[in-house]
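Chemist: Sending over run_20.pdb (PDB, C-alpha atoms).
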```pdb
ATOM      1  CA  MET Q  17       0.000   0.000   0.000
ATOM      2  CA  ALA Q  18       0.995   3.659  -0.009
ATOM      3  CA  VAL Q  19       4.373   4.163   1.578
ATOM      4  CA  GLU Q  20       5.419   7.697   2.515
ATOM      5  CA  ALA Q  21       9.090   6.862   1.924
ATOM      6  CA  ILE Q  22       8.496   6.168  -1.758
ATOM      7  CA  GLU Q  23       7.630   9.819  -2.265
ATOM      8  CA  ALA Q  24      10.476  10.711  -4.581
ATOM      9  CA  GLY Q  25      11.924  14.140  -3.932
ATOM     10  CA  GLY Q  26      10.156  17.048  -2.281
ATOM     11  CA  GLY Q  27       6.852  18.721  -2.946
ATOM     12  CA  THR Q  28       8.168  20.732  -5.883
ATOM     13  CA  SER Q  29       9.320  17.726  -7.906
ATOM     14  CA  GLN Q  30       6.064  15.937  -7.053
ATOM     15  CA  PHE Q  31       4.160  18.980  -8.324
ATOM     16  CA  TRP Q  32       6.010  18.945 -11.652
ATOM     17  CA  ARG Q  33       5.580  15.208 -12.021
ATOM     18  CA  GLY Q  34       1.848  15.883 -11.698
ATOM     19  CA  VAL Q  35       2.010  18.601 -14.353
ATOM     20  CA  ARG Q  36       3.768  16.179 -16.694
ATOM     21  CA  VAL Q  37       1.000  13.614 -16.282
ATOM     22  CA  ALA Q  38      -1.486  16.350 -17.264
ATOM     23  CA  VAL Q  39       0.179  17.086 -20.644
ATOM     24  CA  PRO Q  40      -1.703  14.492 -22.777
ATOM     25  CA  VAL Q  41      -4.939  15.638 -21.131
ATOM     26  CA  MET Q  42      -4.234  19.265 -22.039
ATOM     27  CA  VAL Q  43      -3.632  18.239 -25.665
ATOM     28  CA  ALA Q  44      -6.748  16.062 -25.828
ATOM     29  CA  LEU Q  45      -8.888  18.759 -24.206
ATOM     30  CA  PHE Q  46      -7.733  21.527 -26.530
ATOM     31  CA  PRO Q  47     -10.412  21.111 -29.234
ATOM     32  CA  PHE Q  48     -13.138  20.724 -26.623
ATOM     33  CA  GLY Q  49     -12.073  23.877 -24.796
ATOM     34  CA  ILE Q  50     -12.084  25.863 -28.026
ATOM     35  CA  LEU Q  51     -15.387  24.320 -29.102
ATOM     36  CA  TYR Q  52     -16.941  25.042 -25.710
ATOM     37  CA  GLY Q  53     -15.908  28.705 -25.814
ATOM     38  CA  ALA Q  54     -17.192  29.123 -29.363
ATOM     39  CA  LEU Q  55     -20.525  27.408 -28.586
ATOM     40  CA  ALA Q  56     -20.977  29.500 -25.442
ATOM     41  CA  LEU Q  57     -20.961  32.728 -27.416
ATOM     42  CA  GLU Q  58     -23.208  31.205 -30.056
ATOM     43  CA  ASN Q  59     -25.720  30.430 -27.283
ATOM     44  CA  GLY Q  60     -25.781  34.020 -26.061
ATOM     45  CA  PHE Q  61     -23.145  33.908 -23.315
ATOM     46  CA  THR Q  62     -20.791  36.827 -22.807
ATOM     47  CA  VAL Q  63     -17.057  36.051 -22.800
ATOM     48  CA  PHE Q  64     -17.122  36.654 -19.020
ATOM     49  CA  GLU Q  65     -19.921  34.120 -18.502
ATOM     50  CA  ALA Q  66     -18.204  31.533 -20.708
ATOM     51  CA  VAL Q  67     -14.973  31.806 -18.724
ATOM     52  CA  LEU Q  68     -16.822  31.966 -15.387
ATOM     53  CA  MET Q  69     -18.476  28.629 -16.171
ATOM     54  CA  SER Q  70     -15.100  26.962 -16.831
ATOM     55  CA  LEU Q  71     -13.606  28.585 -13.723
ATOM     56  CA  THR Q  72     -16.357  27.467 -11.348
ATOM     57  CA  ILE Q  73     -17.718  24.201 -12.816
ATOM     58  CA  PHE Q  74     -14.581  22.783 -14.507
ATOM     59  CA  ALA Q  75     -16.341  19.790 -16.090
ATOM     60  CA  GLY Q  76     -16.445  19.974 -19.882
ATOM     61  CA  ALA Q  77     -19.253  17.591 -20.777
ATOM     62  CA  SER Q  78     -21.668  19.136 -18.266
ATOM     63  CA  GLN Q  79     -20.803  22.640 -19.470
ATOM     64  CA  MET Q  80     -21.670  21.635 -23.049
ATOM     65  CA  VAL Q  81     -24.997  20.200 -21.914
ATOM     66  CA  GLY Q  82     -25.693  23.341 -19.909
ATOM     67  CA  LEU Q  83     -25.010  25.476 -22.996
ATOM     68  CA  GLU Q  84     -27.367  23.412 -25.123
ATOM     69  CA  LEU Q  85     -30.180  24.083 -22.662
ATOM     70  CA  PHE Q  86     -29.445  27.812 -22.375
ATOM     71  CA  GLY Q  87     -30.060  28.005 -26.117
ATOM     72  CA  GLN Q  88     -33.576  26.620 -25.628
ATOM     73  CA  ASN Q  89     -36.329  27.902 -23.368
ATOM     74  CA  VAL Q  90     -35.654  25.609 -20.429
ATOM     75  CA  PRO Q  91     -36.356  26.586 -16.789
ATOM     76  CA  ALA Q  92     -33.298  27.505 -14.735
ATOM     77  CA  TRP Q  93     -33.632  24.668 -12.209
ATOM     78  CA  LEU Q  94     -33.670  22.111 -15.034
ATOM     79  CA  ILE Q  95     -30.396  23.468 -16.453
ATOM     80  CA  ALA Q  96     -28.742  23.233 -13.031
ATOM     81  CA  PHE Q  97     -30.157  19.736 -12.558
ATOM     82  CA  SER Q  98     -28.859  18.590 -15.955
ATOM     83  CA  ILE Q  99     -25.369  19.787 -15.033
ATOM     84  CA  PHE Q 100     -25.728  17.783 -11.818
ATOM     85  CA  ALA Q 101     -26.857  14.708 -13.774
ATOM     86  CA  VAL Q 102     -23.859  14.780 -16.126
ATOM     87  CA  ASN Q 103     -21.516  15.186 -13.162
ATOM     88  CA  PHE Q 104     -23.152  12.518 -11.019
ATOM     89  CA  ARG Q 105     -20.307  10.057 -11.756
ATOM     90  CA  HIS Q 106     -17.978  12.167  -9.585
ATOM     91  CA  ILE Q 107     -19.764  10.790  -6.514
ATOM     92  CA  LEU Q 108     -18.260   7.412  -7.412
ATOM     93  CA  TYR Q 109     -14.831   9.009  -7.895
ATOM     94  CA  SER Q 110     -14.776  10.745  -4.535
ATOM     95  CA  ALA Q 111     -15.757   7.478  -2.823
ATOM     96  CA  ALA Q 112     -13.079   5.538  -4.745
ATOM     97  CA  ILE Q 113     -10.278   8.017  -4.031
ATOM     98  CA  ALA Q 114     -11.066   8.280  -0.300
ATOM     99  CA  PRO Q 115      -8.579   5.589   0.840
ATOM    100  CA  ARG Q 116      -5.800   7.138  -1.289
ATOM    101  CA  ILE Q 117      -5.955  10.572   0.320
ATOM    102  CA  ARG Q 118      -6.741   9.603   3.893
ATOM    103  CA  HIS Q 119      -3.518  11.289   5.076
ATOM    104  CA  TRP Q 120      -4.413  14.720   3.641
ATOM    105  CA  SER Q 121      -5.583  17.501   5.989
ATOM    106  CA  PRO Q 122      -9.285  18.489   5.815
ATOM    107  CA  LEU Q 123      -8.339  21.737   4.052
ATOM    108  CA  LYS Q 124      -6.316  19.874   1.395
ATOM    109  CA  LYS Q 125      -9.234  17.494   0.850
ATOM    110  CA  THR Q 126     -11.682  20.401   0.516
ATOM    111  CA  VAL Q 127      -9.471  22.038  -2.109
ATOM    112  CA  GLY Q 128      -8.473  18.792  -3.824
ATOM    113  CA  PHE Q 129     -12.009  17.564  -4.452
ATOM    114  CA  PHE Q 130     -12.713  20.602  -6.625
ATOM    115  CA  PHE Q 131     -10.147  19.276  -9.141
ATOM    116  CA  LEU Q 132     -11.471  15.694  -9.208
ATOM    117  CA  SER Q 133     -12.001  14.881 -12.909
ATOM    118  CA  ASP Q 134     -12.010  11.746 -15.090
ATOM    119  CA  PRO Q 135      -8.245  11.761 -15.812
ATOM    120  CA  GLN Q 136      -7.483  12.891 -12.249
ATOM    121  CA  ILE Q 137      -9.067   9.862 -10.543
ATOM    122  CA  ALA Q 138      -7.645   7.485 -13.161
ATOM    123  CA  GLU Q 139      -4.049   8.731 -12.827
ATOM    124  CA  ALA Q 140      -4.328   8.827  -9.022
ATOM    125  CA  GLU Q 141      -5.446   5.189  -9.015
ATOM    126  CA  ILE Q 142      -2.589   4.226 -11.363
ATOM    127  CA  LYS Q 143      -0.113   5.960  -9.040
ATOM    128  CA  ALA Q 144      -1.563   4.240  -5.975
ATOM    129  CA  GLU Q 145      -1.458   0.881  -7.744
ATOM    130  CA  ARG Q 146       2.293   1.322  -8.300
ATOM    131  CA  GLY Q 147       2.618   1.542  -4.515
ATOM    132  CA  GLU Q 148       3.297   5.281  -4.631
ATOM    133  CA  ASP Q 149       1.772   7.814  -2.289
ATOM    134  CA  VAL Q 150      -0.876  10.072  -3.870
ATOM    135  CA  THR Q 151       0.666  13.296  -2.578
ATOM    136  CA  PHE Q 152      -1.199  16.594  -2.486
ATOM    137  CA  ALA Q 153       1.616  18.294  -4.460
ATOM    138  CA  TRP Q 154       1.429  15.713  -7.273
ATOM    139  CA  TYR Q 155      -2.382  15.842  -7.300
ATOM    140  CA  MET Q 156      -2.436  19.638  -7.497
ATOM    141  CA  GLY Q 157       0.247  19.678 -10.206
ATOM    142  CA  MET Q 158      -1.977  17.544 -12.373
ATOM    143  CA  GLY Q 159      -5.228  19.245 -11.332
ATOM    144  CA  LEU Q 160      -3.971  22.807 -11.806
ATOM    145  CA  GLY Q 161      -2.331  21.875 -15.112
ATOM    146  CA  ILE Q 162      -5.673  20.674 -16.475
ATOM    147  CA  TYR Q 163      -7.622  23.502 -14.829
ATOM    148  CA  VAL Q 164      -5.476  26.358 -16.142
ATOM    149  CA  SER Q 165      -5.385  24.941 -19.672
ATOM    150  CA  TRP Q 166      -9.162  24.326 -19.654
ATOM    151  CA  VAL Q 167      -9.895  27.911 -18.582
ATOM    152  CA  LEU Q 168      -7.425  29.366 -21.108
ATOM    153  CA  GLU Q 169      -8.808  27.218 -23.935
ATOM    154  CA  SER Q 170     -12.361  28.269 -23.056
ATOM    155  CA  ALA Q 171     -11.316  31.920 -23.200
ATOM    156  CA  LEU Q 172      -9.524  31.382 -26.531
ATOM    157  CA  GLY Q 173     -12.599  29.671 -27.950
ATOM    158  CA  ALA Q 174     -14.880  32.461 -26.741
ATOM    159  CA  LEU Q 175     -12.620  35.151 -28.201
ATOM    160  CA  PHE Q 176     -11.541  33.523 -31.470
ATOM    161  CA  GLY Q 177     -13.922  30.562 -31.936
ATOM    162  CA  GLN Q 178     -15.560  32.107 -34.983
ATOM    163  CA  MET Q 179     -12.339  31.532 -36.929
ATOM    164  CA  LEU Q 180     -12.490  27.802 -36.112
ATOM    165  CA  PRO Q 181     -10.873  25.660 -38.850
ATOM    166  CA  SER Q 182     -11.971  22.100 -39.565
ATOM    167  CA  THR Q 183     -10.747  20.149 -36.564
ATOM    168  CA  HIS Q 184     -11.984  16.916 -38.134
ATOM    169  CA  ALA Q 185      -8.948  16.507 -40.446
ATOM    170  CA  LEU Q 186      -6.634  16.837 -37.444
ATOM    171  CA  GLY Q 187      -8.554  14.138 -35.580
ATOM    172  CA  LEU Q 188      -9.098  16.525 -32.691
ATOM    173  CA  ASP Q 189     -12.698  15.504 -32.023
ATOM    174  CA  PHE Q 190     -11.750  11.877 -31.306
ATOM    175  CA  LEU Q 191      -8.621  12.364 -29.174
ATOM    176  CA  LEU Q 192     -10.483  12.156 -25.856
ATOM    177  CA  ALA Q 193     -11.883   8.721 -26.749
ATOM    178  CA  ILE Q 194      -8.342   7.486 -27.489
ATOM    179  CA  TYR Q 195      -7.067   8.997 -24.254
ATOM    180  CA  PHE Q 196      -9.847   7.407 -22.185
ATOM    181  CA  LEU Q 197      -9.178   4.037 -23.841
ATOM    182  CA  GLY Q 198      -5.520   4.351 -22.794
ATOM    183  CA  LEU Q 199      -6.566   5.001 -19.200
ATOM    184  CA  LEU Q 200      -8.994   2.083 -19.349
ATOM    185  CA  MET Q 201      -6.235  -0.268 -20.583
ATOM    186  CA  SER Q 202      -3.944   0.750 -17.740
ATOM    187  CA  PHE Q 203      -6.362  -0.873 -15.263
ATOM    188  CA  ARG Q 204      -6.406  -4.220 -17.082
ATOM    189  CA  LYS Q 205      -4.500  -6.075 -14.333
ATOM    190  CA  ARG Q 206      -7.178  -5.374 -11.734
ATOM    191  CA  SER Q 207      -9.373  -8.253 -10.631
ATOM    192  CA  LEU Q 208     -12.606  -8.591 -12.637
ATOM    193  CA  TRP Q 209     -11.400  -6.018 -15.185
ATOM    194  CA  LEU Q 210     -12.792  -7.749 -18.280
ATOM    195  CA  PRO Q 211     -16.203  -8.682 -16.798
ATOM    196  CA  VAL Q 212     -16.568  -5.111 -15.484
ATOM    197  CA  VAL Q 213     -15.675  -3.642 -18.880
ATOM    198  CA  ILE Q 214     -18.128  -5.924 -20.703
ATOM    199  CA  ALA Q 215     -20.961  -5.232 -18.261
ATOM    200  CA  SER Q 216     -20.357  -1.466 -18.379
ATOM    201  CA  ALA Q 217     -20.116  -1.449 -22.166
ATOM    202  CA  ILE Q 218     -23.402  -3.330 -22.574
ATOM    203  CA  GLY Q 219     -25.051  -1.252 -19.832
ATOM    204  CA  SER Q 220     -23.927   2.081 -21.269
ATOM    205  CA  ILE Q 221     -24.898   1.216 -24.854
ATOM    206  CA  LEU Q 222     -28.355   0.036 -23.753
ATOM    207  CA  ALA Q 223     -28.829   3.106 -21.554
ATOM    208  CA  TYR Q 224     -27.592   5.337 -24.380
ATOM    209  CA  LYS Q 225     -30.275   3.897 -26.668
ATOM    210  CA  PHE Q 226     -33.202   3.653 -24.262
ATOM    211  CA  VAL Q 227     -32.606   6.332 -21.618
ATOM    212  CA  GLY Q 228     -30.334   8.743 -23.402
ATOM    213  CA  SER Q 229     -27.224  10.776 -22.712
ATOM    214  CA  PRO Q 230     -25.865  11.660 -20.121
ATOM    215  CA  TRP Q 231     -27.479   8.931 -18.019
ATOM    216  CA  HIS Q 232     -25.668   6.198 -19.971
ATOM    217  CA  VAL Q 233     -22.504   7.099 -18.027
ATOM    218  CA  SER Q 234     -23.903   6.595 -14.526
ATOM    219  CA  LEU Q 235     -26.214   3.719 -15.485
ATOM    220  CA  GLY Q 236     -23.545   1.904 -17.513
ATOM    221  CA  ALA Q 237     -20.997   2.332 -14.729
ATOM    222  CA  MET Q 238     -23.504   1.007 -12.183
ATOM    223  CA  ALA Q 239     -23.866  -2.179 -14.269
ATOM    224  CA  GLY Q 240     -20.108  -2.828 -14.062
ATOM    225  CA  ILE Q 241     -19.845  -1.873 -10.386
ATOM    226  CA  LEU Q 242     -22.845  -4.025  -9.420
ATOM    227  CA  LEU Q 243     -21.225  -6.975 -11.159
ATOM    228  CA  ALA Q 244     -18.039  -6.442  -9.118
ATOM    229  CA  VAL Q 245     -20.088  -6.172  -5.899
ATOM    230  CA  LEU Q 246     -22.106  -9.336  -6.615
ATOM    231  CA  MET Q 247     -19.214 -11.556  -7.749
ATOM    232  CA  PRO Q 248     -17.711 -13.691  -4.996
ATOM    233  CA  PRO Q 249     -14.709 -11.852  -3.540
ATOM    234  CA  ALA Q 250     -11.782 -12.711  -5.829
ATOM    235  CA  THR Q 251      -8.534 -14.121  -4.525
ATOM    236  CA  GLU Q 252      -6.142 -11.338  -3.629
ATOM    237  CA  GLY Q 253      -3.079 -10.656  -5.707
ATOM    238  CA  SER Q 254      -4.172  -9.175  -8.983
ATOM    239  CA  GLN Q 255      -4.797  -5.761  -7.452
ATOM    240  CA  LYS Q 256      -1.661  -5.674  -5.301
ATOM    241  CA  PRO Q 257       1.452  -4.424  -7.051
TER     242      PRO Q 257
ATOM    243  CA  MET W  30     -25.920  39.866 -11.875
ATOM    244  CA  SER W  31     -27.648  38.207 -14.806
ATOM    245  CA  SER W  32     -29.710  35.064 -14.333
ATOM    246  CA  THR W  33     -27.103  33.212 -16.438
ATOM    247  CA  VAL W  34     -24.470  33.896 -13.785
ATOM    248  CA  TRP W  35     -26.766  32.560 -11.046
ATOM    249  CA  ILE W  36     -27.446  29.352 -12.993
ATOM    250  CA  ILE W  37     -23.715  28.891 -13.585
ATOM    251  CA  LEU W  38     -23.029  29.316  -9.857
ATOM    252  CA  ALA W  39     -25.820  26.876  -8.950
ATOM    253  CA  GLY W  40     -24.326  24.364 -11.399
ATOM    254  CA  ALA W  41     -20.909  24.933  -9.818
ATOM    255  CA  VAL W  42     -22.187  24.243  -6.289
ATOM    256  CA  LEU W  43     -24.016  21.089  -7.410
ATOM    257  CA  THR W  44     -20.900  19.896  -9.278
ATOM    258  CA  TYR W  45     -18.716  20.408  -6.202
ATOM    259  CA  LEU W  46     -21.239  18.419  -4.146
ATOM    260  CA  THR W  47     -20.843  15.460  -6.541
ATOM    261  CA  ARG W  48     -17.047  15.749  -6.231
ATOM    262  CA  ILE W  49     -17.085  15.572  -2.430
ATOM    263  CA  GLY W  50     -20.314  13.593  -1.894
ATOM    264  CA  GLY W  51     -18.958  10.062  -2.250
ATOM    265  CA  TYR W  52     -16.184  10.848   0.203
ATOM    266  CA  VAL W  53     -18.567  12.378   2.756
ATOM    267  CA  VAL W  54     -20.859   9.330   2.619
ATOM    268  CA  LEU W  55     -17.995   6.830   2.803
ATOM    269  CA  SER W  56     -16.152   8.560   5.656
ATOM    270  CA  ARG W  57     -19.165   7.874   7.920
ATOM    271  CA  PHE W  58     -18.244   4.201   7.999
ATOM    272  CA  GLU W  59     -15.442   2.854  10.169
ATOM    273  CA  ARG W  60     -14.714  -0.217   8.045
ATOM    274  CA  ILE W  61     -15.469  -0.759   4.396
ATOM    275  CA  ASN W  62     -17.315  -3.946   3.505
ATOM    276  CA  PRO W  63     -15.227  -6.123   1.122
ATOM    277  CA  ARG W  64     -18.033  -6.090  -1.433
ATOM    278  CA  VAL W  65     -18.213  -2.285  -1.332
ATOM    279  CA  GLU W  66     -14.444  -2.250  -1.728
ATOM    280  CA  ALA W  67     -14.695  -4.542  -4.776
ATOM    281  CA  GLY W  68     -17.282  -2.149  -6.217
ATOM    282  CA  LEU W  69     -15.098   0.917  -5.610
ATOM    283  CA  ASN W  70     -12.163  -0.941  -7.135
ATOM    284  CA  ALA W  71     -14.236  -1.344 -10.302
ATOM    285  CA  VAL W  72     -15.147   2.362 -10.540
ATOM    286  CA  PRO W  73     -12.377   3.574 -12.905
ATOM    287  CA  ALA W  74     -12.778   0.730 -15.420
ATOM    288  CA  ALA W  75     -16.580   0.946 -15.285
ATOM    289  CA  VAL W  76     -16.811   4.711 -15.841
ATOM    290  CA  LEU W  77     -14.030   4.878 -18.451
ATOM    291  CA  THR W  78     -15.791   2.129 -20.425
ATOM    292  CA  THR W  79     -18.996   4.184 -20.564
ATOM    293  CA  LEU W  80     -16.988   7.133 -21.924
ATOM    294  CA  VAL W  81     -15.442   5.025 -24.720
ATOM    295  CA  ALA W  82     -18.187   2.521 -25.673
ATOM    296  CA  PRO W  83     -20.813   4.882 -27.202
ATOM    297  CA  ALA W  84     -18.057   6.789 -29.060
ATOM    298  CA  ALA W  85     -16.706   3.507 -30.453
ATOM    299  CA  LEU W  86     -20.201   2.388 -31.425
ATOM    300  CA  SER W  87     -20.852   5.452 -33.576
ATOM    301  CA  ALA W  88     -17.302   5.594 -34.968
ATOM    302  CA  GLY W  89     -16.302   5.079 -38.610
ATOM    303  CA  PRO W  90     -13.501   2.769 -39.850
ATOM    304  CA  ALA W  91     -10.721   5.350 -39.302
ATOM    305  CA  GLU W  92     -11.736   5.893 -35.669
ATOM    306  CA  LEU W  93     -12.193   2.172 -34.977
ATOM    307  CA  ILE W  94      -8.792   1.209 -36.419
ATOM    308  CA  ALA W  95      -7.155   4.044 -34.439
ATOM    309  CA  LEU W  96      -8.794   2.726 -31.251
ATOM    310  CA  VAL W  97      -7.691  -0.856 -31.922
ATOM    311  CA  VAL W  98      -4.084   0.165 -32.722
ATOM    312  CA  ALA W  99      -3.961   2.441 -29.654
ATOM    313  CA  GLY W 100      -5.341  -0.399 -27.525
ATOM    314  CA  LEU W 101      -2.635  -2.769 -28.789
ATOM    315  CA  VAL W 102       0.126  -0.213 -28.176
ATOM    316  CA  ALA W 103      -1.244   0.264 -24.640
ATOM    317  CA  LEU W 104      -0.462  -3.419 -23.960
ATOM    318  CA  ARG W 105       3.255  -2.688 -24.358
ATOM    319  CA  GLY W 106       4.015   1.029 -24.192
ATOM    320  CA  GLY W 107       3.116   3.860 -21.865
ATOM    321  CA  MET W 108       0.287   6.362 -21.973
ATOM    322  CA  MET W 109       2.127   8.897 -24.120
ATOM    323  CA  SER W 110       3.229   6.441 -26.850
ATOM    324  CA  MET W 111      -0.242   4.931 -27.102
ATOM    325  CA  PHE W 112      -1.845   8.380 -27.306
ATOM    326  CA  LEU W 113       0.535   9.654 -29.996
ATOM    327  CA  THR W 114       0.264   6.435 -32.027
ATOM    328  CA  GLY W 115      -3.534   6.535 -31.858
ATOM    329  CA  ALA W 116      -3.608  10.178 -32.933
ATOM    330  CA  ALA W 117      -1.162   9.544 -35.822
ATOM    331  CA  VAL W 118      -3.152   6.549 -37.107
ATOM    332  CA  LEU W 119      -6.388   8.543 -36.881
ATOM    333  CA  ILE W 120      -5.015  11.539 -38.792
ATOM    334  CA  ALA W 121      -3.416   9.313 -41.461
ATOM    335  CA  LEU W 122      -6.565   7.233 -42.000
ATOM    336  CA  ARG W 123      -8.857  10.255 -42.118
ATOM    337  CA  TYR W 124      -6.542  11.708 -44.740
ATOM    338  CA  LEU W 125      -6.473   8.456 -46.762
ATOM    339  CA  LEU W 126     -10.136   7.514 -46.375
ATOM    340  CA  GLY W 127     -11.348  11.065 -46.816
TER     341      GLY W 127
END
```
Since I need it in another form, could you write the structure as structure tokens?
Modeler:
Amino acid sequence: MAVEAIEAGGGTSQFWRGVRVAVPVMVALFPFGILYGALALENGFTVFEAVLMSLTIFAGASQMVGLELFGQNVPAWLIAFSIFAVNFRHILYSAAIAPRIRHWSPLKKTVGFFFLSDPQIAEAEIKAERGEDVTFAWYMGMGLGIYVSWVLESALGALFGQMLPSTHALGLDFLLAIYFLGLLMSFRKRSLWLPVVIASAIGSILAYKFVGSPWHVSLGAMAGILLAVLMPPATEGSQKP
Amino acid sequence: MSSTVWIILAGAVLTYLTRIGGYVVLSRFERINPRVEAGLNAVPAAVLTTLVAPAALSAGPAELIALVVAGLVALRGGMMSMFLTGAAVLIALRYLLG
């Protein structure tokens, strides 16, 4: 399990190691940040409002859904609720990361949870699996790296989005799927990995067809998690480094 | 302030609640049941799958081949090499296939 002594170097080097982990995320997020900023202005946001949303919500998919609804005549509470629905999966993340950050102070936890995103939980779990300590400095290096680039990209998109070239030829619209697949593969040595992946894939595709987005994420994930809960406890080993 | 700003702030508060909620619920328990632990252990794979599966389902040949190649590279190489290979294959195939 996490050993403090493994913490290589001081807080500063941990911070920069976190930033380095964030680099592929920044690249993959680039088109979405630009697209978000451009769409925000198209839906009647001011540049200030577009940037404020990235600064305070910091969850791309939910911001896009929120924008969609602003464009239509939807009551305010329903927009807020839809943002909540898209972000519901974070409840699972904050439960899963709890044992990794037990040693953080309450203040560090309060700050850290704001930066809890899809890549953040995945990389933290990978680090913990290697037997390394999930330090606050490393976590914030990664979190701030993603946060700052997301806010800057949103601003760029809001200011210059109208000049958007075709991002399709550059493959930009599909980079996040490739990145998420890479993260998914890095967990393949965990117990029940394949059954969980199959159950979640079937669950999310069915939910996508019959319930609709964004619920396919939470419902599909619940299918995989339920399977893991119901299976007889596996023999130890596969999840220990 | 405009109503847009208020909706954004409400969305921000609700989003933060989802980011801390699972921790708050879980920290009420002294010991974690092994089955709950198995479920939490499955969280990353389960959620990441739901982010990839619908995208893969609606993807064309260029996207699918890029995913397969990236998945194979991930078996051997690190995150960065698999990401760059996947992106290169995708760009090349989109160029070739139109």
Chemist: Can you turn the PyMOL selection byres ((chain W and resi 50-66) around 8) into a concrete residue list for this file, as a ChimeraX atom specification?
Modeler: /Q:106-114,244-246,249 /W:46-49,67-70
Chemist: When the PyMOL selection byres ((chain W and resi 107-109) around 12) is applied to the file above, which residues end up in the set, as a ChimeraX atom specification?
Modeler: /Q:36-41,43-44,135,138-139,142,194-203 /W:99-106,110-116
Chemist: The PyMOL selection byres ((chain Q and resi 151-157) around 7) on the file shown: which residues, as an NGL selection string?
Modeler: :Q and (27 or 30-35 or 149-150 or 158-161)
Chemist: One decimal, in Å: what's the spacing between atom CA of Ala56 of chain Q and atom CA of Gly236 of chain Q?
Modeler: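 Separating atom CA of Ala56 of chain Q from atom CA of Gly236 of chain Q is a distance of 28.8 Å.
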Chemist: So how many Å separate atom CA of Ile50 of chain Q and atom CA of Met80 of chain Q, to one decimal?
Modeler: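 Atom CA of Met80 of chain Q lies at a distance of 11.6 Å from atom CA of Ile50 of chain Q.
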Chemist: If we count all atoms listed in the file, what is near Leu126 of chain W at a cut-off of 8 Å, once residues fewer than 3 positions away on the same chain are taken out, given as a ChimeraX atom specification?
Modeler: /W:91,122-123
Chemist: Would you export the selected residues with C-alpha atoms as an mmCIF file, keeping the file's coordinate frame, please?
Modeler:
```
data_model
loop_
_atom_site.group_PDB
_atom_site.id
_atom_site.type_symbol
_atom_site.label_atom_id
_atom_site.label_comp_id
_atom_site.auth_asym_id
_atom_site.auth_seq_id
_atom_site.Cartn_x
_atom_site.Cartn_y
_atom_site.Cartn_z
ATOM 1 C CA ALA W 91 -10.721 5.350 -39.302
ATOM 2 C CA LEU W 122 -6.565 7.233 -42.000
ATOM 3 C CA ARG W 123 -8.857 10.255 -42.118
#
```
Chemist: Can you measure atom CA of Ile214 of chain Q to atom CA of Ser133 of chain Q for me? One decimal in Å is fine.
Modeler: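 Distance reported for this atom pair: 23.0 Å.
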Chemist: Tyr45 of chain W: which residues within 12 Å, counting all atoms listed in the file, same-chain residues fewer than 3 positions away excluded, as a ChimeraX atom specification?
Modeler: /Q:72-75,99-100,103-107,110,126-133 /W:38-42,48-52
Chemist: With distances taken over only C-alpha atoms, which of W:Leu80, W:Val34, W:Ile120, W:Leu43 is nearest to Ile94 of chain W?
Modeler: W:Ile120
Chemist: Between W:Val98, W:Leu125, W:Leu93, W:Ala71, which residue has the minimum interatomic distance to chain Q, considering only C-alpha atoms?
Modeler: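 Residue with the minimum atom-to-atom distance to chain Q: W:Ala71.
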Chemist: Of the candidates W:Val97, W:Ser87, W:Ala117, W:Ala74, which one gets nearest to chain Q if we count all atoms listed in the file?
Modeler: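 Ranking W:Val97, W:Ser87, W:Ala117, W:Ala74 by distance to chain Q, first place goes to W:Ala74.
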Chemist: Just the residues within 9 Å of Ser165 of chain Q, please, counting only C-alpha atoms, with nothing from its chain fewer than 3 positions along; format it as a PDB file with C-alpha atoms, in the coordinates of the input.
Modeler:
```
ATOM      1  CA  MET Q  42      -4.234  19.265 -22.039  1.00  0.00           C
ATOM      2  CA  LEU Q  45      -8.888  18.759 -24.206  1.00  0.00           C
ATOM      3  CA  PHE Q  46      -7.733  21.527 -26.530  1.00  0.00           C
ATOM      4  CA  GLY Q  49     -12.073  23.877 -24.796  1.00  0.00           C
ATOM      5  CA  LEU Q 160      -3.971  22.807 -11.806  1.00  0.00           C
ATOM      6  CA  GLY Q 161      -2.331  21.875 -15.112  1.00  0.00           C
ATOM      7  CA  ILE Q 162      -5.673  20.674 -16.475  1.00  0.00           C
ATOM      8  CA  LEU Q 168      -7.425  29.366 -21.108  1.00  0.00           C
ATOM      9  CA  GLU Q 169      -8.808  27.218 -23.935  1.00  0.00           C
ATOM     10  CA  SER Q 170     -12.361  28.269 -23.056  1.00  0.00           C
TER      11      SER Q 170
END
```
Chemist: Using all atoms listed in the file, which residue out of Q:Thr28, Q:Glu58, Q:Glu65, Q:His119 lies closest to Val167 of chain Q?
Modeler: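 The closest residue to Val167 of chain Q is Q:Glu65.
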Chemist: Identify which of the residues Q:Ala223, Q:Val63, Q:Val233, Q:Val102 lies closest to chain W, counting all atoms listed in the file when measuring atom-to-atom distances.
Modeler: Q:Val233
Chemist: Name the closest residue to Gly89 of chain W among the candidates Q:Leu242, Q:Leu55, Q:Phe190, Q:Asp134; distances are taken between atoms, counting only C-alpha atoms.
Modeler: Q:Phe190
Chemist: For the point (-27.6, 26.2, -23.8) in file coordinates, what residues are within 12 Å, counting all atoms listed in the file? Give the answer as a ChimeraX atom specification?
Modeler: /Q:52,55-61,66,78-92,94-96,98-99 /W:33,36-37
